[in-house]
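Engineer: Below you will find the structure I want to go over with you.
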Amino acid sequence: MEAEPLLTGSINRSSADYGSPENVHIDRRSPKTRRLSYSVAEESCKVEGDEEALYVQQAVVFIEDAIQYRSINHRVDASSLRLYRWYYSRLCQWGLGVAIAVILALAFVERPSSLSLSSDPRIRLSPWEPPCGLTEGIEMVCLAIFTIDLAVKSYLIGWEEFRKNKWLIGYIVVISASAIDWMVSLSLICDESLRVRRLIRPFFLLQNSSLMKKTLKCIKRTLPEIASVILLLALHLCLFTMIGMLLFAKREDPKENGEWETYFKDLPTSLSSLLVLLTTANNPDVMIPAYSLNRGYSIFFILFSGFGTYFLMNLLTAIIYNQFRGYLLMSMQTSILRRRLGIRAAFSVLGWQGCGEEDTHTPEHTERVRVDAVLQVMSRVQMKDYYKQAIIREVKQYSDGFVQWEAFRKLFDELDKDRIKEHPAMPQYSAPWIQMLQRVFSHHYITVVGNGVALANVICICSILVLDSEKSISERDDYYMEVINCFFILYYLLEMCMKILALGWKGYISYRNNIFDAFLTVLLLGLQIAILATYRLPYPKWNPESRGIMSLWDMVRLVNLLIVVRFLRIIPDIKLMALVASTLVDLVKNLRAFAGILVVVYYVFAVLGIWLFKGAITAPGQMSDISNSSMENITTNFTMECGSYEQLEYWPNNFDDFASSIVLLYNIMVVNNWQVFMDAYTRYTTEWSKVYFVSWWLTSSVMWVNLFVALILENFIFKWDHSNSCSVTEIERTGYETTVQLMFKEQIQEPTEEELLNQLHHHPHLHLNW
């Protein structure tokens, strides 16, 4: 679960927001507000012994905030800190994430239910629909969890900060609106035609991710630049529409009206035809009627698509990439400031812990912390063990017992470093023949040979599949396939055992590709034993009757499938391929916030699609009509235009339930034949339905796909530059922890000491006064 800042947009704040900075005395009016005081005139630092544990607890929380790029503007008394750490614990955040996933997934079960085998209205059986109160009960539990989440967040940041936080105010509105709509549903016995709360459920996903909020803000700021290019694109579209309507006007000879009849009959048809041509989905169909009459008409379509598709659309991609990257860089600057501010706050409170009444406030005393205090804090911080141990090792190297500010700050540079995976030492054997086996099977060439054997196995499977492609299952002879598989599986088992002997068990599993290899090898061995135990030893023309759960062909097919998947073991051994694969993994792990925005957009458009188009397209036959006839007989008396929704049998693509709506929106995003869907819903509903489809195309295909391309480029370039001097072995040993913040680290400006101290001075709950 992504870290959620308790307060967004509160980085730059005047001192007037939090009271007068001249107050230098200890504030004991409220136990919930901790005020540390530093008076130059008194030249003394008064810290009660009972409060030492509080300072440690504050430092622990501030460092955890820094690690997760969270804001430190929250309550810092002992009870609030315990609540804060519980709230951001893995269990609590996972629970909140599960509640969000459950309430979003309810759309698949609620009416209209998606729980049917097929979405084709001609053959779809009535789906199971939950009884009234089941999904509503689950939804109320989720809303209760969100209410608790809201209450905890609001308490931790305080009332003054809560009033300034638009996301939390929106949180209240959404929960309240959902509860009211929920009560309306129950009062109507779940028979209402419109559930407004389904449309606002994605808000729960948005508000729980700080990076999603940043992404949404960046998109909002990028819209003016995008709008300028879209306006130019619209002008280009309208201009060529006018020219096209003039060129392809209706003529006296019906044989010359093919272009007019199909694509330029009126203004809406002309606009939609050229808009689809902009996506190349109807090219060259749109120009064939005119091109068949006069080859010169091709110039019109080439000019339109050449300038629009290859210039303006690519220009739009460049603007989205450049502008969004700039705004994202600004957002990442805020994240880096949060990390540095959290580290500085931890250093400050630990510095006060180290102050006694006998200490004077010289720079030597105020800009250092005790080593034992730092070690005590680090032992309690929740972070990855690798980074924790690295920081602890660095701290223990300070022999004078104190850590200065610059050294303390540099300790946490470990968080930005790649994790170098150290493999365990190989076991020592006394027998010479075992030592020889160890040298042989620990060599890199054994892996190369194993990859060659895996390739040979895949080639054998491919050859047999090609030879038997025209045969039915009963005509196939599985003898040769089974003998080949037995031989290769025995080799895989031998290779795995010898590598374990050479590297030791811990050394063997320290390589990720070995774990993958061993898992599939054991699985293949188990399946092979099951085949031999069920169907005995193979022999020519071996085709025994089906026994048990799976037939022989099903089991052999599963073995072949696993062997093909096992061939992916070659990826870590090819540098560029390993780099591409790790980039994909990083995209899944670290750019999930951007995918989350896409999920939100899909969800909203799917719900809107159900509201607007549910049941709009009626199939020519129903399930009861086809019990004794084939699907072809249904459309015998149904006239269909070539290339239409009906002729292409796109019936499963509809807005009749949530799951089929998601699939249909994906098909439109791909833009292949998307004009077929737009034309069908225009014919069955109204011309205004085109607004929905064009809006989805602009949102998904133009904006979001281009944005993902830009982020993939950034991620790949970062990793390519980072590993350009690494060998394949070093890539295997290096666990790249690529985050969005690290991708832009070189372009981010580090905050100055004055900026950090100013932010600490204006902390709403922790007052460090100078």
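Numbering starts fresh at 1 for the residues of each chain in the structure tokens, the chains themselves are lettered A, B, ... in the order given, and ligands are numbered from 1 as they appear.
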So that I can check the surroundings of range 97-103 of chain A, please list as a list of chain:residue names every protein, DNA and RNA residue that reaches within 7 Å of it, counting only C-alpha atoms and ignoring chain neighbours fewer than 3 positions away.
Structural biologist: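 Once the nearby chain positions are removed, what remains is A:Met1, A:Gln93, A:Trp94, A:Leu106, A:Glu139, A:Cys142, A:Phe204, A:Leu205.
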Engineer: Which neighbours of range 681-688 of chain A fall inside 9 Å, counting only C-alpha atoms, when residues of the same chain fewer than 6 positions from it are skipped, and could you give them as a PyMOL selection string?
Structural biologist: chain A and resi 268+613+616-618
Engineer: Would you put the residues from that selection into a file with N, CA, C and O atoms, as a PDB file, in the first residue's frame?
Structural biologist:
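As written to disk, selection.pdb reads:
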ATOM      1  N   PRO A 268     -22.029  14.975 -39.181  1.00  0.00           N
ATOM      2  CA  PRO A 268     -21.587  14.031 -38.149  1.00  0.00           C
ATOM      3  C   PRO A 268     -20.867  12.811 -38.718  1.00  0.00           C
ATOM      4  O   PRO A 268     -19.853  12.362 -38.179  1.00  0.00           O
ATOM      5  N   PHE A 613     -25.945   2.799 -21.818  1.00  0.00           N
ATOM      6  CA  PHE A 613     -26.138   1.877 -22.940  1.00  0.00           C
ATOM      7  C   PHE A 613     -26.562   0.472 -22.531  1.00  0.00           C
ATOM      8  O   PHE A 613     -26.583  -0.425 -23.385  1.00  0.00           O
ATOM      9  N   ALA A 616     -29.023  -1.571 -24.721  1.00  0.00           N
ATOM     10  CA  ALA A 616     -29.325  -0.779 -25.929  1.00  0.00           C
ATOM     11  C   ALA A 616     -29.301  -1.648 -27.180  1.00  0.00           C
ATOM     12  O   ALA A 616     -30.122  -1.471 -28.085  1.00  0.00           O
ATOM     13  N   ILE A 617     -28.355  -2.593 -27.242  1.00  0.00           N
ATOM     14  CA  ILE A 617     -28.239  -3.467 -28.410  1.00  0.00           C
ATOM     15  C   ILE A 617     -28.947  -4.790 -28.105  1.00  0.00           C
ATOM     16  O   ILE A 617     -28.599  -5.481 -27.147  1.00  0.00           O
ATOM     17  N   THR A 618     -29.922  -5.121 -28.923  1.00  0.00           N
ATOM     18  CA  THR A 618     -30.686  -6.352 -28.743  1.00  0.00           C
ATOM     19  C   THR A 618     -30.232  -7.386 -29.755  1.00  0.00           C
ATOM     20  O   THR A 618     -30.195  -7.119 -30.958  1.00  0.00           O
TER      21      THR A 618
END
Engineer: Just list as number ranges by chain whatever in range 198-276 of chain A DSSP marks as helix (DSSP H, G or I).
Structural biologist: A: 198-200, 202-207, 210-247, 254-256, 258-262, 267-276
Engineer: Can you pull out every residue within 10 Å of Leu608 in chain A, counting only C-alpha atoms, but drop anything in the same chain fewer than 3 positions away, and send it as a PyMOL selection string?
Structural biologist: chain A and resi 198-199+602-605+611-614+655+661+692
Engineer: Those same residues - C-alpha atoms - I'd like them written as a PDB file, in the first residue's frame.
Structural biologist:
ATOM      1  CA  ARG A 198     -20.887   3.294  -7.777  1.00  0.00           C
ATOM      2  CA  LEU A 199     -19.633   6.320  -9.699  1.00  0.00           C
ATOM      3  CA  TYR A 602     -11.908   2.573 -16.520  1.00  0.00           C
ATOM      4  CA  TYR A 603     -14.220   2.234 -13.522  1.00  0.00           C
ATOM      5  CA  VAL A 604     -15.918   5.579 -14.044  1.00  0.00           C
ATOM      6  CA  PHE A 605     -16.406   5.109 -17.790  1.00  0.00           C
ATOM      7  CA  TRP A 611     -26.032   3.787 -17.206  1.00  0.00           C
ATOM      8  CA  LEU A 612     -26.179   5.032 -20.810  1.00  0.00           C
ATOM      9  CA  PHE A 613     -26.138   1.877 -22.940  1.00  0.00           C
ATOM     10  CA  LYS A 614     -27.262  -1.123 -20.851  1.00  0.00           C
ATOM     11  CA  PHE A 655     -22.423  -2.565 -21.715  1.00  0.00           C
ATOM     12  CA  SER A 661     -18.002  -2.986 -20.144  1.00  0.00           C
ATOM     13  CA  TYR A 692     -18.913   9.149 -24.934  1.00  0.00           C
TER      14      TYR A 692
END
Engineer: For Pro121 in chain A, work out the shell of residues within 12 Å, counting only C-alpha atoms and skipping chain neighbours fewer than 4 positions away, then give it as a list in words.
Structural biologist: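 These residues fall inside the cut-off: Ser116, Leu117, Leu125, Ser126, Pro127, Lys614, Gly615, Ala616, Ile617, Thr618, Ala619, Pro620, Gly621, Gln622, Met623, Ser624, Ile626, Glu649, Tyr650, Trp651, Pro652, Asn653, Asn654, Phe655, Asp656, Asp657 and Ser660 of chain A.
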Engineer: I'd like to know which of A:Tyr88, A:Ile230, A:Ser80, A:Ile123 is closest to Ile319 in chain A, using only C-alpha atoms.
Structural biologist: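 Closest to Ile319 in chain A, using only C-alpha atoms: A:Ile230.
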Engineer: Identify which of the residues A:Tyr398, A:Tyr386, A:Trp86, A:Trp405 lies closest to Glu753 in chain A, counting only C-alpha atoms when measuring atom-to-atom distances.
Structural biologist: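 Smallest distance to Glu753 in chain A is found for A:Trp405.
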